[in-house]
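Notes for the one structure printed next.
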Amino acid sequence: MGLMEGFKLDGKIAIVSGASTGLGQGMAKGLAEAGCHIVGIDYVDMPETESIILSLGRRFLGIKADLIHSTPDELVALVERVCEVFGRVDILINNAGIIRREDALQFCEKNWDDVMNINVKTVFFFSQAVAKQFIKQQSNGKIVNIASMLSFQGGIRVPSYTASKSGVKGITMAMANEWAKYHINVNAIAPGYMATNNTQALREDEKRAGEILDRIPAGRWGTPKDVAGVAVFLCSENAEYLHGVTLPVDGGWLAR
């Protein structure tokens, strides 16, 4: 296979959690452009994402699910539903996640548990369910987790988010260690400051936005497209020898 052919994902079935907006929607679009049919999973309907995917000539299946409180059995059932519709699964993008802000001295148990549940527990057990399906299919598979700058840094007023995203980096390596022998690639993307709905208030704060931009060597906020291209690469044949990597997509933020 030639190098450029290796980027094509024609006919692959990709599950993208948190696909209704932002980075999840951007990665779903990028994977569809590369040839994937998309399964979007979110706690809300995804009409905009569905329209984008269908306009690219791909199939789209939207599934509403509460990933904060999902049990391992419910995640297995999600994979089974995907296979009922498409017959298989080839890619999982664990993008869904939440953040809760509160001073560490006052941080409450619910803000700890909710964040850890969706950001780490669901990521692991969803990956486990999909990995079992890859092995059952006797096929290669790709799992891409979404980490964070706070997989590398401590942050302020976000202790459960920092713990969870450090955990994502760790379990990405742990799963890669065990599953590489099955030809399953498990890697992660750590987005920097992105121009999405989640950062709108931050970007509208002139002082804070200025401080952030001053530290980013690229001199701009990232976009969903910046992350989508990396996701396509990690899901492609050209990334076959990448295992357990957490790749910063941050405009150089960590380099400072």
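Chain labels follow the order of the structure tokens: the first chain is A, the next B, and so on; residue numbering restarts at 1 in every chain, and ligands are counted from 1 in their shown order.
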Counting only C-alpha atoms, what are the residues of stretch 81-124 of chain A within 6 Å of stretch 130-153 of chain A, and for each of them which pair of atoms is the nearest and at what distance in Å, to one decimal? Sort the table by chain and rising number, as JSON lines.
{"residue": "A:Asp90", "atom": "CA", "partner": "A:Gly141", "partner_atom": "CA", "distance": 5.2}
{"residue": "A:Ile91", "atom": "CA", "partner": "A:Lys142", "partner_atom": "CA", "distance": 4.8}
{"residue": "A:Leu92", "atom": "CA", "partner": "A:Ile143", "partner_atom": "CA", "distance": 4.8}
{"residue": "A:Ile93", "atom": "CA", "partner": "A:Val144", "partner_atom": "CA", "distance": 4.9}
{"residue": "A:Asn94", "atom": "CA", "partner": "A:Asn145", "partner_atom": "CA", "distance": 4.7}
{"residue": "A:Asn95", "atom": "CA", "partner": "A:Ile146", "partner_atom": "CA", "distance": 5.3}
Could the residues in this selection be written to a file with N, CA and C atoms, as a short mmCIF file (atom, residue, chain, number, x, y, z; two decimals), in the first residue's frame?
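See part-v4.cif below for the written result:
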data_model
loop_
_atom_site.label_atom_id
_atom_site.label_comp_id
_atom_site.auth_asym_id
_atom_site.auth_seq_id
_atom_site.Cartn_x
_atom_site.Cartn_y
_atom_site.Cartn_z
N ASP A 90 -14.71 -0.66 13.62
CA ASP A 90 -13.28 -0.60 13.31
C ASP A 90 -12.52 0.44 14.13
N ILE A 91 -13.26 1.46 14.60
CA ILE A 91 -12.60 2.60 15.24
C ILE A 91 -13.46 3.06 16.42
N LEU A 92 -12.82 3.41 17.53
CA LEU A 92 -13.50 4.07 18.64
C LEU A 92 -12.75 5.34 19.00
N ILE A 93 -13.48 6.47 19.01
CA ILE A 93 -12.94 7.74 19.49
C ILE A 93 -13.62 8.06 20.81
N ASN A 94 -12.88 7.95 21.91
CA ASN A 94 -13.43 8.26 23.23
C ASN A 94 -13.28 9.76 23.49
N ASN A 95 -14.24 10.53 22.97
CA ASN A 95 -14.15 11.98 23.07
C ASN A 95 -15.01 12.56 24.18
#
- Excluding same-chain residues fewer than 5 positions from A:Ala32, what lies within 12 Å of it counting only C-alpha atoms, as number ranges by chain? A: 8-16, 25-27, 37-40, 49-60, 91, 228-229, 231-232, 235
List every residue of stretch 8-232 of chain A that DSSP, applied to the backbone, labels as helix (DSSP H, G or I), and write the result as a JSON list (two decimals) with N, CA and C atoms, in the first residue's frame.
[["chain", "number", "residue", "atom", "x", "y", "z"],
["A", 22, "GLY", "N", -18.35, 20.64, 18.59],
["A", 22, "GLY", "CA", -16.94, 20.81, 18.94],
["A", 22, "GLY", "C", -15.99, 19.81, 18.34],
["A", 23, "LEU", "N", -15.06, 19.34, 19.17],
["A", 23, "LEU", "CA", -14.02, 18.43, 18.69],
["A", 23, "LEU", "C", -14.61, 17.11, 18.22],
["A", 24, "GLY", "N", -15.62, 16.61, 18.92],
["A", 24, "GLY", "CA", -16.24, 15.34, 18.52],
["A", 24, "GLY", "C", -16.85, 15.44, 17.14],
["A", 25, "GLN", "N", -17.57, 16.51, 16.89],
["A", 25, "GLN", "CA", -18.17, 16.72, 15.58],
["A", 25, "GLN", "C", -17.08, 16.88, 14.52],
["A", 26, "GLY", "N", -16.03, 17.62, 14.87],
["A", 26, "GLY", "CA", -14.93, 17.82, 13.91],
["A", 26, "GLY", "C", -14.23, 16.53, 13.56],
["A", 27, "MET", "N", -14.00, 15.67, 14.54],
["A", 27, "MET", "CA", -13.36, 14.38, 14.27],
["A", 27, "MET", "C", -14.27, 13.47, 13.47],
["A", 28, "ALA", "N", -15.58, 13.49, 13.79],
["A", 28, "ALA", "CA", -16.53, 12.69, 13.01],
["A", 28, "ALA", "C", -16.52, 13.12, 11.55],
["A", 29, "LYS", "N", -16.49, 14.41, 11.32],
["A", 29, "LYS", "CA", -16.45, 14.94, 9.95],
["A", 29, "LYS", "C", -15.15, 14.52, 9.25],
["A", 30, "GLY", "N", -14.02, 14.65, 9.95],
["A", 30, "GLY", "CA", -12.75, 14.27, 9.35],
["A", 30, "GLY", "C", -12.69, 12.80, 8.99],
["A", 31, "LEU", "N", -13.19, 11.95, 9.88],
["A", 31, "LEU", "CA", -13.20, 10.52, 9.60],
["A", 31, "LEU", "C", -14.13, 10.19, 8.44],
["A", 32, "ALA", "N", -15.26, 10.88, 8.35],
["A", 32, "ALA", "CA", -16.18, 10.67, 7.23],
["A", 32, "ALA", "C", -15.53, 11.11, 5.91],
["A", 33, "GLU", "N", -14.81, 12.21, 5.94],
["A", 33, "GLU", "CA", -14.11, 12.68, 4.74],
["A", 33, "GLU", "C", -13.08, 11.64, 4.29],
["A", 47, "PRO", "N", -28.53, 16.38, 15.18],
["A", 47, "PRO", "CA", -28.98, 16.64, 13.81],
["A", 47, "PRO", "C", -27.94, 17.32, 12.93],
["A", 48, "GLU", "N", -27.17, 18.25, 13.52],
["A", 48, "GLU", "CA", -26.15, 18.96, 12.73],
["A", 48, "GLU", "C", -25.05, 18.00, 12.28],
["A", 49, "THR", "N", -24.58, 17.18, 13.21],
["A", 49, "THR", "CA", -23.54, 16.21, 12.87],
["A", 49, "THR", "C", -24.06, 15.23, 11.83],
["A", 50, "GLU", "N", -25.28, 14.76, 12.01],
["A", 50, "GLU", "CA", -25.88, 13.83, 11.04],
["A", 50, "GLU", "C", -25.93, 14.44, 9.65],
["A", 51, "SER", "N", -26.35, 15.71, 9.58],
["A", 51, "SER", "CA", -26.43, 16.39, 8.28],
["A", 51, "SER", "C", -25.06, 16.48, 7.62],
["A", 52, "ILE", "N", -24.03, 16.79, 8.41],
["A", 52, "ILE", "CA", -22.67, 16.90, 7.87],
["A", 52, "ILE", "C", -22.22, 15.55, 7.30],
["A", 53, "ILE", "N", -22.44, 14.49, 8.07],
["A", 53, "ILE", "CA", -21.97, 13.16, 7.65],
["A", 53, "ILE", "C", -22.71, 12.69, 6.40],
["A", 54, "LEU", "N", -24.03, 12.88, 6.38],
["A", 54, "LEU", "CA", -24.82, 12.45, 5.22],
["A", 54, "LEU", "C", -24.44, 13.26, 3.98],
["A", 55, "SER", "N", -24.11, 14.54, 4.16],
["A", 55, "SER", "CA", -23.73, 15.38, 3.01],
["A", 55, "SER", "C", -22.44, 14.90, 2.37],
["A", 72, "PRO", "N", -20.72, -1.04, 32.54],
["A", 72, "PRO", "CA", -20.00, -1.81, 31.52],
["A", 72, "PRO", "C", -20.94, -2.62, 30.62],
["A", 73, "ASP", "N", -21.98, -3.20, 31.19],
["A", 73, "ASP", "CA", -22.93, -3.98, 30.38],
["A", 73, "ASP", "C", -23.65, -3.10, 29.37],
["A", 74, "GLU", "N", -23.99, -1.88, 29.76],
["A", 74, "GLU", "CA", -24.66, -0.96, 28.84],
["A", 74, "GLU", "C", -23.73, -0.55, 27.70],
["A", 75, "LEU", "N", -22.45, -0.44, 27.98],
["A", 75, "LEU", "CA", -21.48, -0.10, 26.93],
["A", 75, "LEU", "C", -21.31, -1.27, 25.96],
["A", 76, "VAL", "N", -21.32, -2.49, 26.49],
["A", 76, "VAL", "CA", -21.30, -3.67, 25.62],
["A", 76, "VAL", "C", -22.53, -3.67, 24.71],
["A", 77, "ALA", "N", -23.69, -3.31, 25.27],
["A", 77, "ALA", "CA", -24.92, -3.26, 24.48],
["A", 77, "ALA", "C", -24.84, -2.22, 23.37],
["A", 78, "LEU", "N", -24.16, -1.10, 23.63],
["A", 78, "LEU", "CA", -23.97, -0.09, 22.59],
["A", 78, "LEU", "C", -23.17, -0.67, 21.42],
["A", 79, "VAL", "N", -22.11, -1.39, 21.74],
["A", 79, "VAL", "CA", -21.28, -2.00, 20.69],
["A", 79, "VAL", "C", -22.11, -3.03, 19.92],
["A", 80, "GLU", "N", -22.90, -3.80, 20.62],
["A", 80, "GLU", "CA", -23.75, -4.80, 19.96],
["A", 80, "GLU", "C", -24.75, -4.13, 19.02],
["A", 81, "ARG", "N", -25.29, -2.99, 19.42],
["A", 81, "ARG", "CA", -26.23, -2.27, 18.56],
["A", 81, "ARG", "C", -25.55, -1.78, 17.29],
["A", 82, "VAL", "N", -24.33, -1.26, 17.43],
["A", 82, "VAL", "CA", -23.57, -0.82, 16.26],
["A", 82, "VAL", "C", -23.36, -1.99, 15.30],
["A", 83, "CYS", "N", -23.02, -3.14, 15.84],
["A", 83, "CYS", "CA", -22.77, -4.32, 15.00],
["A", 83, "CYS", "C", -24.06, -4.84, 14.36],
["A", 84, "GLU", "N", -25.19, -4.66, 15.03],
["A", 84, "GLU", "CA", -26.47, -5.04, 14.43],
["A", 84, "GLU", "C", -26.76, -4.21, 13.18],
["A", 85, "VAL", "N", -26.39, -2.94, 13.23],
["A", 85, "VAL", "CA", -26.66, -2.02, 12.11],
["A", 85, "VAL", "C", -25.60, -2.14, 11.02],
["A", 86, "PHE", "N", -24.33, -2.16, 11.42],
["A", 86, "PHE", "CA", -23.23, -2.08, 10.45],
["A", 86, "PHE", "C", -22.48, -3.41, 10.26],
["A", 109, "GLU", "N", -17.91, 15.57, 46.39],
["A", 109, "GLU", "CA", -17.82, 14.19, 45.91],
["A", 109, "GLU", "C", -18.49, 14.01, 44.56],
["A", 110, "LYS", "N", -19.64, 14.66, 44.35],
["A", 110, "LYS", "CA", -20.35, 14.50, 43.08],
["A", 110, "LYS", "C", -19.50, 15.02, 41.92],
["A", 111, "ASN", "N", -18.84, 16.17, 42.12],
["A", 111, "ASN", "CA", -17.98, 16.71, 41.06],
["A", 111, "ASN", "C", -16.77, 15.83, 40.82],
["A", 112, "TRP", "N", -16.37, 15.08, 41.83],
["A", 112, "TRP", "CA", -15.30, 14.10, 41.64],
["A", 112, "TRP", "C", -15.81, 12.88, 40.86],
["A", 113, "ASP", "N", -16.91, 12.32, 41.36],
["A", 113, "ASP", "CA", -17.40, 11.06, 40.80],
["A", 113, "ASP", "C", -17.89, 11.20, 39.36],
["A", 114, "ASP", "N", -18.65, 12.26, 39.06],
["A", 114, "ASP", "CA", -19.19, 12.42, 37.70],
["A", 114, "ASP", "C", -18.08, 12.53, 36.68],
["A", 115, "VAL", "N", -17.07, 13.33, 37.00],
["A", 115, "VAL", "CA", -15.95, 13.53, 36.06],
["A", 115, "VAL", "C", -15.15, 12.24, 35.89],
["A", 116, "MET", "N", -14.85, 11.58, 36.99],
["A", 116, "MET", "CA", -14.07, 10.34, 36.91],
["A", 116, "MET", "C", -14.85, 9.25, 36.18],
["A", 117, "ASN", "N", -16.16, 9.21, 36.37],
["A", 117, "ASN", "CA", -16.97, 8.19, 35.72],
["A", 117, "ASN", "C", -16.89, 8.27, 34.21],
["A", 118, "ILE", "N", -17.16, 9.45, 33.65],
["A", 118, "ILE", "CA", -17.21, 9.56, 32.19],
["A", 118, "ILE", "C", -15.81, 9.68, 31.60],
["A", 119, "ASN", "N", -14.92, 10.38, 32.28],
["A", 119, "ASN", "CA", -13.60, 10.66, 31.69],
["A", 119, "ASN", "C", -12.63, 9.49, 31.76],
["A", 120, "VAL", "N", -12.82, 8.59, 32.75],
["A", 120, "VAL", "CA", -11.89, 7.46, 32.89],
["A", 120, "VAL", "C", -12.62, 6.12, 32.84],
["A", 121, "LYS", "N", -13.62, 5.95, 33.72],
["A", 121, "LYS", "CA", -14.29, 4.65, 33.81],
["A", 121, "LYS", "C", -14.95, 4.28, 32.49],
["A", 122, "THR", "N", -15.74, 5.20, 31.93],
["A", 122, "THR", "CA", -16.41, 4.93, 30.66],
["A", 122, "THR", "C", -15.39, 4.72, 29.54],
["A", 123, "VAL", "N", -14.33, 5.52, 29.53],
["A", 123, "VAL", "CA", -13.30, 5.37, 28.50],
["A", 123, "VAL", "C", -12.72, 3.96, 28.55],
["A", 124, "PHE", "N", -12.42, 3.47, 29.75],
["A", 124, "PHE", "CA", -11.83, 2.12, 29.85],
["A", 124, "PHE", "C", -12.82, 1.05, 29.42],
["A", 125, "PHE", "N", -14.03, 1.06, 29.98],
["A", 125, "PHE", "CA", -14.95, -0.03, 29.71],
["A", 125, "PHE", "C", -15.53, 0.01, 28.30],
["A", 126, "PHE", "N", -15.62, 1.20, 27.71],
["A", 126, "PHE", "CA", -16.02, 1.30, 26.30],
["A", 126, "PHE", "C", -14.90, 0.72, 25.43],
["A", 127, "SER", "N", -13.67, 1.06, 25.76],
["A", 127, "SER", "CA", -12.53, 0.50, 25.02],
["A", 127, "SER", "C", -12.48, -1.01, 25.16],
["A", 128, "GLN", "N", -12.73, -1.51, 26.36],
["A", 128, "GLN", "CA", -12.73, -2.95, 26.58],
["A", 128, "GLN", "C", -13.78, -3.65, 25.72],
["A", 129, "ALA", "N", -14.99, -3.08, 25.68],
["A", 129, "ALA", "CA", -16.06, -3.68, 24.89],
["A", 129, "ALA", "C", -15.72, -3.69, 23.40],
["A", 130, "VAL", "N", -15.14, -2.59, 22.92],
["A", 130, "VAL", "CA", -14.77, -2.51, 21.50],
["A", 130, "VAL", "C", -13.60, -3.43, 21.20],
["A", 131, "ALA", "N", -12.63, -3.49, 22.10],
["A", 131, "ALA", "CA", -11.48, -4.38, 21.88],
["A", 131, "ALA", "C", -11.92, -5.84, 21.77],
["A", 132, "LYS", "N", -12.86, -6.25, 22.61],
["A", 132, "LYS", "CA", -13.39, -7.61, 22.52],
["A", 132, "LYS", "C", -14.05, -7.86, 21.16],
["A", 133, "GLN", "N", -14.72, -6.82, 20.63],
["A", 133, "GLN", "CA", -15.35, -6.95, 19.32],
["A", 133, "GLN", "C", -14.29, -7.05, 18.22],
["A", 134, "PHE", "N", -13.22, -6.26, 18.33],
["A", 134, "PHE", "CA", -12.12, -6.36, 17.35],
["A", 134, "PHE", "C", -11.58, -7.79, 17.32],
["A", 135, "ILE", "N", -11.35, -8.35, 18.51],
["A", 135, "ILE", "CA", -10.79, -9.70, 18.59],
["A", 135, "ILE", "C", -11.77, -10.72, 18.03],
["A", 136, "LYS", "N", -13.05, -10.55, 18.33],
["A", 136, "LYS", "CA", -14.08, -11.44, 17.79],
["A", 136, "LYS", "C", -14.11, -11.39, 16.27],
["A", 137, "GLN", "N", -13.93, -10.20, 15.72],
["A", 137, "GLN", "CA", -13.92, -10.01, 14.25],
["A", 137, "GLN", "C", -12.63, -10.53, 13.62],
["A", 149, "MET", "N", -4.19, 18.89, 28.01],
["A", 149, "MET", "CA", -2.98, 19.49, 28.56],
["A", 149, "MET", "C", -2.81, 19.09, 30.03],
["A", 150, "LEU", "N", -3.94, 18.83, 30.72],
["A", 150, "LEU", "CA", -3.88, 18.46, 32.13],
["A", 150, "LEU", "C", -3.60, 16.98, 32.33],
["A", 151, "SER", "N", -3.25, 16.29, 31.25],
["A", 151, "SER", "CA", -2.59, 14.99, 31.38],
["A", 151, "SER", "C", -1.11, 15.20, 31.72],
["A", 159, "PRO", "N", -9.48, 19.57, 40.12],
["A", 159, "PRO", "CA", -8.73, 18.38, 40.56],
["A", 159, "PRO", "C", -9.23, 17.07, 39.94],
["A", 160, "SER", "N", -10.56, 16.89, 39.81],
["A", 160, "SER", "CA", -11.04, 15.63, 39.24],
["A", 160, "SER", "C", -10.75, 15.55, 37.75],
["A", 161, "TYR", "N", -10.79, 16.68, 37.06],
["A", 161, "TYR", "CA", -10.48, 16.70, 35.63],
["A", 161, "TYR", "C", -9.01, 16.35, 35.41],
["A", 162, "THR", "N", -8.14, 16.97, 36.21],
["A", 162, "THR", "CA", -6.71, 16.67, 36.11],
["A", 162, "THR", "C", -6.43, 15.20, 36.40],
["A", 163, "ALA", "N", -7.06, 14.67, 37.46],
["A", 163, "ALA", "CA", -6.88, 13.26, 37.80],
["A", 163, "ALA", "C", -7.37, 12.37, 36.66],
["A", 164, "SER", "N", -8.51, 12.73, 36.10],
["A", 164, "SER", "CA", -9.10, 11.90, 35.04],
["A", 164, "SER", "C", -8.25, 11.92, 33.77],
["A", 165, "LYS", "N", -7.77, 13.08, 33.40],
["A", 165, "LYS", "CA", -7.01, 13.17, 32.15],
["A", 165, "LYS", "C", -5.60, 12.60, 32.32],
["A", 166, "SER", "N", -5.05, 12.68, 33.52],
["A", 166, "SER", "CA", -3.80, 11.95, 33.79],
["A", 166, "SER", "C", -4.07, 10.45, 33.70],
["A", 167, "GLY", "N", -5.26, 10.05, 34.17],
["A", 167, "GLY", "CA", -5.66, 8.65, 34.06],
["A", 167, "GLY", "C", -5.82, 8.19, 32.63],
["A", 168, "VAL", "N", -6.37, 9.05, 31.78],
["A", 168, "VAL", "CA", -6.52, 8.70, 30.36],
["A", 168, "VAL", "C", -5.16, 8.41, 29.74],
["A", 169, "LYS", "N", -4.19, 9.25, 30.03],
["A", 169, "LYS", "CA", -2.84, 9.03, 29.52],
["A", 169, "LYS", "C", -2.29, 7.69, 30.01],
["A", 170, "GLY", "N", -2.52, 7.39, 31.28],
["A", 170, "GLY", "CA", -2.01, 6.14, 31.85],
["A", 170, "GLY", "C", -2.68, 4.91, 31.29],
["A", 171, "ILE", "N", -4.02, 4.92, 31.22],
["A", 171, "ILE", "CA", -4.70, 3.71, 30.73],
["A", 171, "ILE", "C", -4.51, 3.54, 29.22],
["A", 172, "THR", "N", -4.23, 4.63, 28.52],
["A", 172, "THR", "CA", -3.90, 4.50, 27.09],
["A", 172, "THR", "C", -2.64, 3.65, 26.94],
["A", 173, "MET", "N", -1.65, 3.91, 27.77],
["A", 173, "MET", "CA", -0.42, 3.10, 27.73],
["A", 173, "MET", "C", -0.69, 1.67, 28.19],
["A", 174, "ALA", "N", -1.49, 1.53, 29.27],
["A", 174, "ALA", "CA", -1.76, 0.20, 29.81],
["A", 174, "ALA", "C", -2.50, -0.68, 28.81],
["A", 175, "MET", "N", -3.53, -0.12, 28.16],
["A", 175, "MET", "CA", -4.28, -0.89, 27.16],
["A", 175, "MET", "C", -3.41, -1.22, 25.96],
["A", 176, "ALA", "N", -2.58, -0.27, 25.55],
["A", 176, "ALA", "CA", -1.69, -0.51, 24.41],
["A", 176, "ALA", "C", -0.75, -1.68, 24.70],
["A", 177, "ASN", "N", -0.24, -1.72, 25.94],
["A", 177, "ASN", "CA", 0.68, -2.80, 26.31],
["A", 177, "ASN", "C", 0.06, -4.18, 26.15],
["A", 178, "GLU", "N", -1.23, -4.30, 26.49],
["A", 178, "GLU", "CA", -1.88, -5.60, 26.47],
["A", 178, "GLU", "C", -2.51, -5.95, 25.12],
["A", 179, "TRP", "N", -2.91, -4.93, 24.37],
["A", 179, "TRP", "CA", -3.71, -5.18, 23.17],
["A", 179, "TRP", "C", -2.95, -5.05, 21.86],
["A", 180, "ALA", "N", -1.72, -4.56, 21.90],
["A", 180, "ALA", "CA", -0.93, -4.46, 20.67],
["A", 180, "ALA", "C", -0.80, -5.82, 19.99],
["A", 181, "LYS", "N", -0.69, -6.88, 20.81],
["A", 181, "LYS", "CA", -0.53, -8.23, 20.24],
["A", 181, "LYS", "C", -1.75, -8.67, 19.44],
["A", 182, "TYR", "N", -2.88, -8.01, 19.66],
["A", 182, "TYR", "CA", -4.09, -8.32, 18.88],
["A", 182, "TYR", "C", -4.24, -7.38, 17.67],
["A", 197, "ASN", "N", -17.25, 25.59, 21.72],
["A", 197, "ASN", "CA", -18.26, 26.13, 22.66],
["A", 197, "ASN", "C", -17.75, 26.13, 24.09],
["A", 198, "ASN", "N", -16.96, 25.12, 24.44],
["A", 198, "ASN", "CA", -16.48, 24.98, 25.81],
["A", 198, "ASN", "C", -15.58, 26.14, 26.24],
["A", 199, "THR", "N", -14.92, 26.78, 25.29],
["A", 199, "THR", "CA", -13.99, 27.86, 25.63],
["A", 199, "THR", "C", -14.49, 29.24, 25.24],
["A", 200, "GLN", "N", -15.77, 29.34, 24.89],
["A", 200, "GLN", "CA", -16.30, 30.62, 24.43],
["A", 200, "GLN", "C", -16.15, 31.72, 25.49],
["A", 201, "ALA", "N", -16.53, 31.40, 26.72],
["A", 201, "ALA", "CA", -16.42, 32.40, 27.80],
["A", 201, "ALA", "C", -14.96, 32.80, 28.01],
["A", 202, "LEU", "N", -14.07, 31.83, 27.93],
["A", 202, "LEU", "CA", -12.65, 32.11, 28.11],
["A", 202, "LEU", "C", -12.14, 33.02, 27.00],
["A", 203, "ARG", "N", -12.57, 32.75, 25.77],
["A", 203, "ARG", "CA", -12.12, 33.56, 24.64],
["A", 203, "ARG", "C", -12.70, 34.98, 24.68],
["A", 204, "GLU", "N", -13.84, 35.13, 25.33],
["A", 204, "GLU", "CA", -14.47, 36.45, 25.44],
["A", 204, "GLU", "C", -13.89, 37.27, 26.59],
["A", 206, "GLU", "N", -11.09, 39.12, 27.65],
["A", 206, "GLU", "CA", -9.97, 39.71, 26.90],
["A", 206, "GLU", "C", -8.63, 39.50, 27.60],
["A", 207, "LYS", "N", -8.60, 39.69, 28.91],
["A", 207, "LYS", "CA", -7.35, 39.55, 29.65],
["A", 207, "LYS", "C", -6.86, 38.10, 29.64],
["A", 208, "ARG", "N", -7.76, 37.17, 30.00],
["A", 208, "ARG", "CA", -7.35, 35.76, 30.07],
["A", 208, "ARG", "C", -7.01, 35.21, 28.69],
["A", 209, "ALA", "N", -7.81, 35.58, 27.69],
["A", 209, "ALA", "CA", -7.54, 35.12, 26.33],
["A", 209, "ALA", "C", -6.19, 35.63, 25.84],
["A", 210, "GLY", "N", -5.87, 36.85, 26.19],
["A", 210, "GLY", "CA", -4.58, 37.42, 25.81],
["A", 210, "GLY", "C", -3.42, 36.68, 26.45],
["A", 211, "GLU", "N", -3.58, 36.32, 27.73],
["A", 211, "GLU", "CA", -2.53, 35.57, 28.44],
["A", 211, "GLU", "C", -2.31, 34.21, 27.80],
["A", 212, "ILE", "N", -3.41, 33.58, 27.41],
["A", 212, "ILE", "CA", -3.31, 32.26, 26.78],
["A", 212, "ILE", "C", -2.60, 32.36, 25.44],
["A", 213, "LEU", "N", -3.02, 33.28, 24.62],
["A", 213, "LEU", "CA", -2.42, 33.42, 23.28],
["A", 213, "LEU", "C", -0.95, 33.79, 23.36],
["A", 214, "ASP", "N", -0.59, 34.56, 24.37],
["A", 214, "ASP", "CA", 0.82, 34.95, 24.53],
["A", 214, "ASP", "C", 1.72, 33.74, 24.77],
["A", 215, "ARG", "N", 1.14, 32.66, 25.32],
["A", 215, "ARG", "CA", 1.96, 31.48, 25.62],
["A", 215, "ARG", "C", 1.98, 30.47, 24.47],
["A", 224, "PRO", "N", -11.32, 22.45, 15.59],
["A", 224, "PRO", "CA", -11.64, 21.03, 15.44],
["A", 224, "PRO", "C", -10.90, 20.38, 14.27],
["A", 225, "LYS", "N", -10.65, 21.12, 13.21],
["A", 225, "LYS", "CA", -9.93, 20.57, 12.06],
["A", 225, "LYS", "C", -8.50, 20.17, 12.44],
["A", 226, "ASP", "N", -7.88, 20.95, 13.32],
["A", 226, "ASP", "CA", -6.51, 20.62, 13.76],
["A", 226, "ASP", "C", -6.47, 19.25, 14.43],
["A", 227, "VAL", "N", -7.50, 18.96, 15.21],
["A", 227, "VAL", "CA", -7.57, 17.68, 15.91],
["A", 227, "VAL", "C", -8.02, 16.57, 14.96],
["A", 228, "ALA", "N", -8.93, 16.90, 14.05],
["A", 228, "ALA", "CA", -9.49, 15.90, 13.13],
["A", 228, "ALA", "C", -8.40, 15.26, 12.27],
["A", 229, "GLY", "N", -7.46, 16.06, 11.79],
["A", 229, "GLY", "CA", -6.40, 15.51, 10.95],
["A", 229, "GLY", "C", -5.54, 14.51, 11.70],
["A", 230, "VAL", "N", -5.27, 14.80, 12.97],
["A", 230, "VAL", "CA", -4.48, 13.88, 13.79],
["A", 230, "VAL", "C", -5.27, 12.60, 14.07],
["A", 231, "ALA", "N", -6.58, 12.75, 14.31],
["A", 231, "ALA", "CA", -7.42, 11.57, 14.54],
["A", 231, "ALA", "C", -7.43, 10.66, 13.32],
["A", 232, "VAL", "N", -7.55, 11.24, 12.15],
["A", 232, "VAL", "CA", -7.55, 10.43, 10.91],
["A", 232, "VAL", "C", -6.22, 9.68, 10.80]]
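Shortest atom-to-atom contact with A:Leu247 among A:Val89, A:Ile189, A:Ile216, A:Ile41: A:Ile189, counting only C-alpha atoms.
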